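The file structure.cif contains mmCIF, C-alpha atoms:
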```
data_data
loop_
_atom_site.group_PDB
_atom_site.id
_atom_site.type_symbol
_atom_site.label_atom_id
_atom_site.label_comp_id
_atom_site.auth_asym_id
_atom_site.auth_seq_id
_atom_site.Cartn_x
_atom_site.Cartn_y
_atom_site.Cartn_z
ATOM 1 C CA MET I 1 6.072 -10.376 21.863
ATOM 2 C CA ASN I 2 4.432 -7.576 23.855
ATOM 3 C CA TYR I 3 1.758 -6.420 21.413
ATOM 4 C CA GLU I 4 0.579 -3.612 23.680
ATOM 5 C CA ALA I 5 4.036 -2.070 23.513
ATOM 6 C CA ALA I 6 3.744 -2.127 19.718
ATOM 7 C CA GLY I 7 0.392 -0.338 19.826
ATOM 8 C CA LEU I 8 -1.686 -3.447 19.182
ATOM 9 C CA ALA I 9 -4.496 -4.935 21.227
ATOM 10 C CA VAL I 10 -5.145 -8.679 21.012
ATOM 11 C CA GLU I 11 -8.676 -10.006 20.743
ATOM 12 C CA THR I 12 -9.980 -13.493 20.064
ATOM 13 C CA THR I 13 -12.305 -13.735 17.095
ATOM 14 C CA GLY I 14 -15.311 -15.992 16.831
ATOM 15 C CA SER I 15 -13.707 -17.991 14.047
ATOM 16 C CA PRO I 16 -11.489 -20.979 14.814
ATOM 17 C CA PRO I 17 -8.362 -20.546 16.369
ATOM 18 C CA GLN I 18 -7.461 -17.122 15.026
ATOM 19 C CA ASN I 19 -6.556 -14.006 16.944
ATOM 20 C CA ALA I 20 -7.287 -10.523 15.675
ATOM 21 C CA LEU I 21 -4.773 -7.834 16.467
ATOM 22 C CA HIS I 22 -6.580 -4.515 16.340
ATOM 23 C CA VAL I 23 -4.517 -1.410 15.780
ATOM 24 C CA GLU I 24 -5.016 1.277 18.387
ATOM 25 C CA SER I 25 -4.309 4.714 16.959
ATOM 26 C CA GLN I 26 -2.025 7.003 18.901
ATOM 27 C CA GLN I 27 -4.676 9.641 18.260
ATOM 28 C CA ALA I 28 -7.837 8.805 20.177
ATOM 29 C CA SER I 29 -9.955 10.712 17.662
ATOM 30 C CA SER I 30 -8.843 8.539 14.736
ATOM 31 C CA ALA I 31 -11.104 5.678 13.757
ATOM 32 C CA ARG I 32 -9.553 2.237 13.578
ATOM 33 C CA GLN I 33 -8.623 1.657 9.932
ATOM 34 C CA ILE I 34 -6.458 -1.466 10.039
ATOM 35 C CA ARG I 35 -6.792 -4.844 11.670
ATOM 36 C CA VAL I 36 -4.470 -7.839 11.722
ATOM 37 C CA GLU I 37 -5.708 -11.406 11.671
ATOM 38 C CA ARG I 38 -3.302 -14.084 12.862
ATOM 39 C CA HIS I 39 -4.105 -17.145 10.753
ATOM 40 C CA THR I 40 -1.179 -18.897 12.451
ATOM 41 C CA PRO I 41 1.742 -17.538 14.487
ATOM 42 C CA ALA I 42 3.767 -17.569 11.240
ATOM 43 C CA TYR I 43 1.101 -16.125 8.899
ATOM 44 C CA TRP I 44 -0.825 -12.874 9.357
ATOM 45 C CA ARG I 45 -3.245 -10.911 7.214
ATOM 46 C CA VAL I 46 -3.181 -7.115 7.493
ATOM 47 C CA ILE I 47 -6.607 -5.852 6.449
ATOM 48 C CA PHE I 48 -7.355 -2.261 5.478
ATOM 49 C CA ASP I 49 -10.856 -1.366 6.622
ATOM 50 C CA ASN I 50 -11.552 2.345 6.198
ATOM 51 C CA PRO I 51 -14.784 2.578 4.185
ATOM 52 C CA PRO I 52 -15.949 3.779 1.825
ATOM 53 C CA PHE I 53 -12.685 4.126 -0.156
ATOM 54 C CA ASN I 54 -9.749 3.075 2.075
ATOM 55 C CA ILE I 55 -8.180 6.533 1.829
ATOM 56 C CA PHE I 56 -4.794 6.804 3.559
ATOM 57 C CA GLY I 57 -3.801 9.924 5.482
ATOM 58 C CA PRO I 58 -1.716 11.240 8.364
ATOM 59 C CA GLU I 59 -4.302 9.753 10.732
ATOM 60 C CA THR I 60 -3.505 6.291 9.298
ATOM 61 C CA ILE I 61 0.236 6.568 9.751
ATOM 62 C CA PRO I 62 0.496 5.682 13.488
ATOM 63 C CA GLN I 63 -1.819 2.725 12.906
ATOM 64 C CA LEU I 64 0.261 1.301 10.057
ATOM 65 C CA ASP I 65 3.468 2.062 11.963
ATOM 66 C CA ALA I 66 2.231 -0.118 14.839
ATOM 67 C CA VAL I 67 1.625 -2.955 12.386
ATOM 68 C CA VAL I 68 5.012 -2.575 10.689
ATOM 69 C CA THR I 69 6.749 -2.523 14.068
ATOM 70 C CA ALA I 70 4.970 -5.725 15.052
ATOM 71 C CA ILE I 71 5.934 -7.343 11.724
ATOM 72 C CA GLU I 72 9.583 -6.436 12.278
ATOM 73 C CA ASN I 73 9.729 -7.718 15.838
ATOM 74 C CA ASP I 74 7.579 -10.848 16.060
ATOM 75 C CA PRO I 75 10.021 -13.800 16.272
ATOM 76 C CA GLU I 76 7.540 -16.326 14.848
ATOM 77 C CA LEU I 77 6.137 -14.387 11.902
ATOM 78 C CA LYS I 78 7.262 -15.451 8.421
ATOM 79 C CA VAL I 79 4.689 -14.117 5.960
ATOM 80 C CA VAL I 80 2.127 -11.306 5.916
ATOM 81 C CA VAL I 81 -0.616 -10.684 3.348
ATOM 82 C CA PHE I 82 -2.019 -7.179 2.819
ATOM 83 C CA ASP I 83 -5.745 -7.358 2.047
ATOM 84 C CA SER I 84 -8.855 -5.160 2.144
ATOM 85 C CA ALA I 85 -12.286 -5.447 3.724
ATOM 86 C CA VAL I 86 -13.709 -2.622 1.566
ATOM 87 C CA PRO I 87 -15.307 -3.867 -1.676
ATOM 88 C CA GLY I 88 -13.721 -2.358 -4.761
ATOM 89 C CA PHE I 89 -10.830 -0.665 -2.945
ATOM 90 C CA PHE I 90 -7.514 -2.172 -1.829
ATOM 91 C CA LEU I 91 -5.949 1.086 -0.601
ATOM 92 C CA THR I 92 -6.205 4.461 -2.283
ATOM 93 C CA HIS I 93 -4.580 7.864 -2.352
ATOM 94 C CA TYR I 94 -3.425 10.259 0.334
ATOM 95 C CA ASN I 95 -6.064 12.202 2.269
ATOM 96 C CA PHE I 96 -6.268 15.814 1.045
ATOM 97 C CA THR I 97 -8.624 17.022 3.770
ATOM 98 C CA PRO I 98 -6.149 17.554 6.676
ATOM 99 C CA PRO I 99 -3.785 20.547 6.458
ATOM 100 C CA LEU I 100 -0.401 19.799 4.910
ATOM 101 C CA SER I 101 1.214 20.470 8.287
ATOM 102 C CA ALA I 102 -0.494 17.335 9.640
ATOM 103 C CA SER I 103 1.878 15.384 7.392
ATOM 104 C CA THR I 104 4.985 17.556 7.307
ATOM 105 C CA SER I 105 5.103 17.926 11.104
ATOM 106 C CA LEU I 106 5.268 14.176 11.737
ATOM 107 C CA PRO I 107 8.623 13.004 13.097
ATOM 108 C CA SER I 108 10.854 10.897 10.894
ATOM 109 C CA GLY I 109 10.746 7.130 11.210
ATOM 110 C CA PRO I 110 13.639 4.816 12.153
ATOM 111 C CA THR I 111 15.177 5.077 8.660
ATOM 112 C CA GLY I 112 15.279 8.883 8.894
ATOM 113 C CA LEU I 113 12.631 9.168 6.178
ATOM 114 C CA HIS I 114 9.173 10.698 6.563
ATOM 115 C CA PRO I 115 6.898 8.103 8.235
ATOM 116 C CA LEU I 116 5.102 7.047 5.023
ATOM 117 C CA PRO I 117 8.155 6.244 2.879
ATOM 118 C CA ASP I 118 9.848 5.024 6.062
ATOM 119 C CA MET I 119 7.187 2.359 6.596
ATOM 120 C CA LEU I 120 7.287 1.298 2.952
ATOM 121 C CA VAL I 121 11.066 0.877 3.111
ATOM 122 C CA ARG I 122 10.762 -1.112 6.344
ATOM 123 C CA ILE I 123 8.140 -3.429 4.813
ATOM 124 C CA SER I 124 10.531 -4.143 1.929
ATOM 125 C CA ARG I 125 13.444 -4.861 4.262
ATOM 126 C CA ALA I 126 11.642 -6.747 7.029
ATOM 127 C CA PRO I 127 12.795 -10.377 7.507
ATOM 128 C CA VAL I 128 9.208 -11.370 6.702
ATOM 129 C CA VAL I 129 7.693 -12.085 3.290
ATOM 130 C CA SER I 130 5.063 -9.491 2.321
ATOM 131 C CA ILE I 131 2.327 -10.144 -0.257
ATOM 132 C CA ALA I 132 -0.195 -7.619 -1.576
ATOM 133 C CA MET I 133 -3.498 -9.212 -2.629
ATOM 134 C CA ILE I 134 -5.284 -6.676 -4.844
ATOM 135 C CA ARG I 135 -8.942 -7.102 -5.721
ATOM 136 C CA GLY I 136 -9.950 -3.449 -6.073
ATOM 137 C CA ARG I 137 -8.316 -0.079 -6.631
ATOM 138 C CA ALA I 138 -4.691 0.307 -5.553
ATOM 139 C CA THR I 139 -4.310 4.020 -6.232
ATOM 140 C CA GLY I 140 -1.416 6.239 -5.153
ATOM 141 C CA VAL I 141 -0.447 5.013 -1.668
ATOM 142 C CA GLY I 142 -2.137 1.675 -2.411
ATOM 143 C CA SER I 143 0.035 1.160 -5.481
ATOM 144 C CA GLU I 144 3.102 2.278 -3.535
ATOM 145 C CA LEU I 145 2.432 -0.162 -0.696
ATOM 146 C CA ALA I 146 1.939 -2.941 -3.244
ATOM 147 C CA LEU I 147 5.243 -2.012 -4.902
ATOM 148 C CA ALA I 148 6.992 -2.042 -1.515
ATOM 149 C CA SER I 149 5.678 -5.553 -0.857
ATOM 150 C CA ASP I 150 7.734 -8.547 -1.934
ATOM 151 C CA MET I 151 5.007 -9.956 -4.179
ATOM 152 C CA ARG I 152 1.773 -8.704 -5.717
ATOM 153 C CA PHE I 153 -1.179 -10.820 -6.868
ATOM 154 C CA ALA I 154 -4.211 -9.223 -8.471
ATOM 155 C CA SER I 155 -7.759 -10.061 -9.451
ATOM 156 C CA ARG I 156 -7.892 -10.230 -13.239
ATOM 157 C CA GLU I 157 -11.398 -8.789 -13.270
ATOM 158 C CA ARG I 158 -11.408 -6.328 -10.369
ATOM 159 C CA ALA I 159 -7.871 -5.047 -9.723
ATOM 160 C CA ILE I 160 -7.013 -1.506 -10.839
ATOM 161 C CA LEU I 161 -3.568 -0.056 -10.157
ATOM 162 C CA SER I 162 -2.794 3.597 -10.638
ATOM 163 C CA GLN I 163 -0.174 6.237 -10.050
ATOM 164 C CA TRP I 164 -2.604 9.040 -10.823
ATOM 165 C CA GLU I 165 -0.697 11.955 -9.342
ATOM 166 C CA VAL I 166 0.781 13.609 -12.457
ATOM 167 C CA GLY I 167 -2.763 14.039 -13.767
ATOM 168 C CA ALA I 168 -3.388 16.318 -10.772
ATOM 169 C CA ALA I 169 -0.054 18.182 -11.190
ATOM 170 C CA LEU I 170 1.492 16.205 -8.324
ATOM 171 C CA VAL I 171 4.654 14.111 -8.068
ATOM 172 C CA PRO I 172 4.092 10.642 -6.521
ATOM 173 C CA GLY I 173 5.585 10.549 -3.033
ATOM 174 C CA GLY I 174 5.851 6.904 -1.972
ATOM 175 C CA GLY I 175 8.717 5.749 -4.164
ATOM 176 C CA PRO I 176 7.198 4.500 -7.448
ATOM 177 C CA MET I 177 9.772 6.366 -9.560
ATOM 178 C CA ALA I 178 12.463 4.298 -7.832
ATOM 179 C CA ARG I 179 10.597 0.989 -7.819
ATOM 180 C CA LEU I 180 8.675 0.787 -11.095
ATOM 181 C CA PRO I 181 11.673 0.982 -13.499
ATOM 182 C CA ARG I 182 13.278 -1.918 -11.632
ATOM 183 C CA LEU I 183 10.145 -4.020 -12.181
ATOM 184 C CA MET I 184 9.142 -3.173 -15.745
ATOM 185 C CA GLY I 185 11.821 -1.038 -17.381
ATOM 186 C CA ARG I 186 12.070 2.692 -17.960
ATOM 187 C CA GLY I 187 9.609 3.066 -20.818
ATOM 188 C CA ARG I 188 6.759 1.205 -19.185
ATOM 189 C CA ALA I 189 7.404 2.912 -15.852
ATOM 190 C CA LEU I 190 7.131 6.312 -17.536
ATOM 191 C CA GLU I 191 3.952 5.189 -19.288
ATOM 192 C CA ILE I 192 2.419 4.303 -15.909
ATOM 193 C CA LEU I 193 3.626 7.449 -14.132
ATOM 194 C CA LEU I 194 3.110 10.054 -16.857
ATOM 195 C CA GLY I 195 0.006 8.482 -18.360
ATOM 196 C CA ALA I 196 -1.510 8.586 -14.838
ATOM 197 C CA ASP I 197 -4.225 6.197 -15.998
ATOM 198 C CA ASP I 198 -5.937 3.126 -14.536
ATOM 199 C CA ILE I 199 -4.188 -0.194 -15.191
ATOM 200 C CA GLY I 200 -6.273 -3.356 -15.043
ATOM 201 C CA GLY I 201 -5.057 -6.660 -13.645
ATOM 202 C CA GLU I 202 -4.296 -8.318 -16.981
ATOM 203 C CA LEU I 203 -2.128 -5.458 -18.258
ATOM 204 C CA ALA I 204 -0.495 -5.097 -14.834
ATOM 205 C CA GLU I 205 0.609 -8.738 -15.093
ATOM 206 C CA ARG I 206 1.912 -8.266 -18.659
ATOM 207 C CA TYR I 207 3.959 -5.218 -17.598
ATOM 208 C CA GLY I 208 5.326 -6.791 -14.404
ATOM 209 C CA TYR I 209 3.403 -4.409 -12.141
ATOM 210 C CA VAL I 210 2.110 -7.562 -10.387
ATOM 211 C CA ASN I 211 3.441 -11.120 -10.229
ATOM 212 C CA ARG I 212 0.228 -12.655 -11.549
ATOM 213 C CA ALA I 213 -3.355 -11.709 -12.316
ATOM 214 C CA LEU I 214 -5.690 -14.527 -11.376
ATOM 215 C CA PRO I 215 -9.426 -15.032 -11.845
ATOM 216 C CA GLU I 216 -11.323 -13.377 -9.008
ATOM 217 C CA ASP I 217 -12.670 -16.664 -7.672
ATOM 218 C CA GLU I 218 -9.152 -18.176 -7.530
ATOM 219 C CA LEU I 219 -7.196 -15.244 -6.056
ATOM 220 C CA ASP I 220 -7.788 -15.765 -2.345
ATOM 221 C CA ALA I 221 -7.118 -19.501 -2.417
ATOM 222 C CA PHE I 222 -3.935 -19.072 -4.459
ATOM 223 C CA VAL I 223 -2.500 -16.436 -2.103
ATOM 224 C CA ASP I 224 -3.517 -18.419 0.967
ATOM 225 C CA VAL I 225 -1.851 -21.611 -0.289
ATOM 226 C CA LEU I 226 1.347 -19.732 -1.188
ATOM 227 C CA ALA I 227 1.432 -17.918 2.166
ATOM 228 C CA MET I 228 0.833 -21.126 4.129
ATOM 229 C CA ARG I 229 3.548 -22.908 2.121
ATOM 230 C CA ILE I 230 6.110 -20.175 2.853
ATOM 231 C CA ALA I 231 5.038 -20.156 6.511
ATOM 232 C CA THR I 232 6.164 -23.795 6.863
ATOM 233 C CA PHE I 233 9.735 -23.015 5.792
ATOM 234 C CA ASP I 234 12.709 -22.086 7.972
ATOM 235 C CA ARG I 235 12.524 -18.457 9.092
ATOM 236 C CA GLN I 236 16.277 -17.830 8.891
ATOM 237 C CA ALA I 237 16.495 -19.226 5.367
ATOM 238 C CA ILE I 238 13.599 -16.982 4.326
ATOM 239 C CA ALA I 239 15.168 -13.893 5.902
ATOM 240 C CA ASP I 240 18.644 -14.520 4.466
ATOM 241 C CA THR I 241 17.338 -15.199 0.959
ATOM 242 C CA LYS I 242 15.147 -12.102 1.027
ATOM 243 C CA ARG I 243 18.029 -9.957 2.320
ATOM 244 C CA LEU I 244 20.222 -10.974 -0.625
ATOM 245 C CA VAL I 245 17.448 -10.290 -3.147
ATOM 246 C CA ASP I 246 16.896 -6.917 -1.454
ATOM 247 C CA PHE I 247 20.579 -6.115 -1.885
ATOM 248 C CA ALA I 248 20.294 -6.719 -5.627
ATOM 249 C CA SER I 249 16.969 -5.009 -6.246
ATOM 250 C CA LEU I 250 15.813 -2.378 -3.745
ATOM 251 C CA PRO I 251 16.311 1.364 -4.269
ATOM 252 C CA SER I 252 18.446 3.278 -1.808
ATOM 253 C CA ASP I 253 16.918 5.483 0.888
ATOM 254 C CA PRO I 254 18.017 8.716 -0.863
ATOM 255 C CA GLU I 255 16.106 7.640 -3.994
ATOM 256 C CA ILE I 256 12.967 7.257 -1.889
ATOM 257 C CA ALA I 257 13.568 10.470 0.067
ATOM 258 C CA ILE I 258 13.757 12.730 -2.977
ATOM 259 C CA GLY I 259 10.423 11.379 -4.215
ATOM 260 C CA TRP I 260 8.687 12.338 -0.971
ATOM 261 C CA ASP I 261 10.328 15.779 -0.996
ATOM 262 C CA ALA I 262 9.135 16.287 -4.570
ATOM 263 C CA PHE I 263 5.594 15.320 -3.578
ATOM 264 C CA ILE I 264 5.502 17.840 -0.714
ATOM 265 C CA THR I 265 6.842 20.549 -3.017
ATOM 266 C CA SER I 266 4.393 19.705 -5.792
ATOM 267 C CA VAL I 267 1.301 19.696 -3.584
ATOM 268 C CA GLN I 268 1.965 23.361 -2.714
ATOM 269 C CA ARG I 269 2.193 24.524 -6.325
ATOM 270 C CA PRO I 270 -0.762 26.636 -7.584
ATOM 271 C CA GLU I 271 -1.496 24.246 -10.468
ATOM 272 C CA ALA I 272 -1.710 21.273 -8.098
ATOM 273 C CA GLN I 273 -3.843 23.231 -5.647
ATOM 274 C CA PHE I 274 -6.168 24.194 -8.504
ATOM 275 C CA ARG I 275 -6.516 20.644 -9.814
ATOM 276 C CA ILE I 276 -6.994 19.096 -6.393
ATOM 277 C CA LYS I 277 -9.697 21.697 -5.706
ATOM 278 C CA GLN I 278 -11.371 20.730 -8.984
ATOM 279 C CA LEU I 279 -11.301 17.066 -8.021
ATOM 280 C CA MET I 280 -12.645 17.765 -4.537
ATOM 281 C CA GLU I 281 -15.506 19.768 -6.029
ATOM 282 C CA LEU I 282 -16.274 16.882 -8.387
ATOM 283 C CA GLY I 283 -16.416 14.498 -5.415
ATOM 284 C CA LEU I 284 -12.908 13.217 -4.680
ATOM 285 C CA GLN I 285 -13.010 11.392 -1.308
ATOM 286 C CA THR I 286 -16.830 11.522 -1.226
ATOM 287 C CA SER I 287 -18.113 10.123 -4.543
ATOM 288 C CA GLY I 288 -17.826 6.507 -5.589
ATOM 289 C CA GLU I 289 -18.067 7.631 -9.220
ATOM 290 C CA ILE I 290 -14.981 9.864 -8.908
ATOM 291 C CA GLU I 291 -12.949 7.463 -6.804
ATOM 292 C CA GLY I 292 -13.901 4.551 -9.026
ATOM 293 C CA ARG I 293 -12.931 6.340 -12.277
ATOM 294 C CA LEU I 294 -10.093 8.536 -11.087
ATOM 295 C CA GLY I 295 -8.045 7.988 -14.229
ATOM 296 C CA HIS I 296 -10.893 9.335 -16.331
ATOM 297 C CA TYR I 297 -11.561 12.375 -14.166
ATOM 298 C CA THR I 298 -7.926 13.463 -13.889
ATOM 299 C CA GLU I 299 -7.855 13.523 -17.696
ATOM 300 C CA THR I 300 -10.741 16.000 -17.744
ATOM 301 C CA LEU I 301 -8.937 18.527 -15.531
ATOM 302 C CA GLY I 302 -6.762 19.872 -18.321
ATOM 303 C CA GLN I 303 -9.668 20.444 -20.695
ATOM 304 C CA GLY I 304 -11.663 23.580 -21.297
#
```
In structure tokens, how does this file's structure come out?
Amino acid sequence: MNYEAAGLAVETTGSPPQNALHVESQQASSARQIRVERHTPAYWRVIFDNPPFNIFGPETIPQLDAVVTAIENDPELKVVVFDSAVPGFFLTHYNFTPPLSASTSLPSGPTGLHPLPDMLVRISRAPVVSIAMIRGRATGVGSELALASDMRFASRERAILSQWEVGAALVPGGGPMARLPRLMGRGRALEILLGADDIGGELAERYGYVNRALPEDELDAFVDVLAMRIATFDRQAIADTKRLVDFASLPSDPEIAIGWDAFITSVQRPEAQFRIKQLMELGLQTSGEIEGRLGHYTETLGQG
């Protein structure tokens, strides 16, 4: 595959025989936030590396799009693991610093959806197995990317999943209203979405938010063994089996589209603007205390 055409630059790492595919942003001013490590031609790790909190914004979109395009088009790839290099944070919420137009002006992706839900839909439908390995906060976009992945494995001690948006008068935009009820049922999905609270790894496993919650010191080895096992199997059999499961379980594009539209509408409402401003003044996107206890701080916004 021509990685340069996909927006990726290939570098050899110092570790044994692995290659690192570094994502080159289409915007020269954007810092590199994602890297891809090729453990084998059939098994990659996509690593989010945007310290201090792995916040996702319009500046991240072309970088992730390059990765998703490479995943879709590499003829040898069979399994990809999404991971993080930032301690305590898998991937968090959307970036509220850029103007809204930085997101709404982006062209639609190949599915016809806005680029963020477009990429999540393409991850779900790619002929490659996707695994989210969560050992920190998966908040907002992080939760939505995990839900779009085929499997989710979490650290029992350190994983925190959250759809926090309703607490800030927002509607989640990356498809959790369509995906969560299919995983855990309507009542639990509404508890997650409307409670807008932090969910630890053990409860996430009990509810079906993740496949399994494993002890922190066992998580990486478990995911690696599973990924390597899948990577030895026939690619066509993997793709065909996944396609049939997708047919039975994935939401339709219109279900995803209306969620994104509702998010864009909600973020412009005065109540959402007021609550986001409150959170920013408290230290959203700058304070480890706020980012690390977002469920707690969103609860305080409606008081007083």
Notebook entry, point to check: Could you spell out the hits of the PyMOL selection byres ((chain I and resi 298) around 12) on the shown file, as a ChimeraX atom specification?
Noted result: /I:162-170,194-198,272,275-280,282,284,290-297,299-303
Checklist line | Distance criterion (all atoms listed in the file): nearest to Gly142 in chain I out of I:Phe96, I:Tyr209, I:Phe48, I:Phe90 | finding: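 Of I:Phe96, I:Tyr209, I:Phe48, I:Phe90, the one nearest Gly142 in chain I, counting all atoms listed in the file, is I:Phe90.
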Notebook entry, point to check: Quick one: of I:Asn50, I:Asn73, I:Ser287, I:Ser155, who's nearest to Glu216 in chain I, counting only C-alpha atoms?
Noted result: I:Ser155
Next item on the list: Please write as a VMD selection string the full residue list that the PyMOL selection byres ((chain I and resi 250-254) around 12) yields on this file.
Entry: chain I and resid 110 to 114 117 to 125 147 to 150 174 to 183 242 to 249 255 to 261
Next item on the list: With the file shown as input, list the residues that the PyMOL selection byres ((chain I and resi 137) around 9) selects, as a list in words.
Entry: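 Given this file, the PyMOL selection byres ((chain I and resi 137) around 9) evaluates to Phe53, Gly88, Phe89, Phe90, Leu91, Thr92, Ile134, Arg135, Gly136, Ala138, Thr139, Gly142, Ser143, Arg158, Ala159, Ile160, Leu161, Ser162, Asp198, Glu291 and Gly292 of chain I.
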Item checked: Distance query Ala204 in chain I at most 10 Å, only C-alpha atoms, self and fewer than 3 positions along chain excluded, as an NGL selection string -> :I and (153-154 or 156 or 159-162 or 184 or 192 or 198-201 or 207-213)
Please, could you write that set of residues out with C-alpha atoms as an mmCIF file, in the frame of the given file?
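The result, stored in result-v1.cif:
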```cif
data_model
loop_
_atom_site.group_PDB
_atom_site.id
_atom_site.type_symbol
_atom_site.label_atom_id
_atom_site.label_comp_id
_atom_site.auth_asym_id
_atom_site.auth_seq_id
_atom_site.Cartn_x
_atom_site.Cartn_y
_atom_site.Cartn_z
ATOM 1 C CA PHE I 153 -1.179 -10.820 -6.868
ATOM 2 C CA ALA I 154 -4.211 -9.223 -8.471
ATOM 3 C CA ARG I 156 -7.892 -10.230 -13.239
ATOM 4 C CA ALA I 159 -7.871 -5.047 -9.723
ATOM 5 C CA ILE I 160 -7.013 -1.506 -10.839
ATOM 6 C CA LEU I 161 -3.568 -0.056 -10.157
ATOM 7 C CA SER I 162 -2.794 3.597 -10.638
ATOM 8 C CA MET I 184 9.142 -3.173 -15.745
ATOM 9 C CA ILE I 192 2.419 4.303 -15.909
ATOM 10 C CA ASP I 198 -5.937 3.126 -14.536
ATOM 11 C CA ILE I 199 -4.188 -0.194 -15.191
ATOM 12 C CA GLY I 200 -6.273 -3.356 -15.043
ATOM 13 C CA GLY I 201 -5.057 -6.660 -13.645
ATOM 14 C CA TYR I 207 3.959 -5.218 -17.598
ATOM 15 C CA GLY I 208 5.326 -6.791 -14.404
ATOM 16 C CA TYR I 209 3.403 -4.409 -12.141
ATOM 17 C CA VAL I 210 2.110 -7.562 -10.387
ATOM 18 C CA ASN I 211 3.441 -11.120 -10.229
ATOM 19 C CA ARG I 212 0.228 -12.655 -11.549
ATOM 20 C CA ALA I 213 -3.355 -11.709 -12.316
#
```
Next item on the list: Considering only C-alpha atoms, state which residue in the set I:Asp65, I:Leu193, I:Tyr43, I:Gln33 is at the smallest distance from Val225 in chain I.
Entry: I:Tyr43
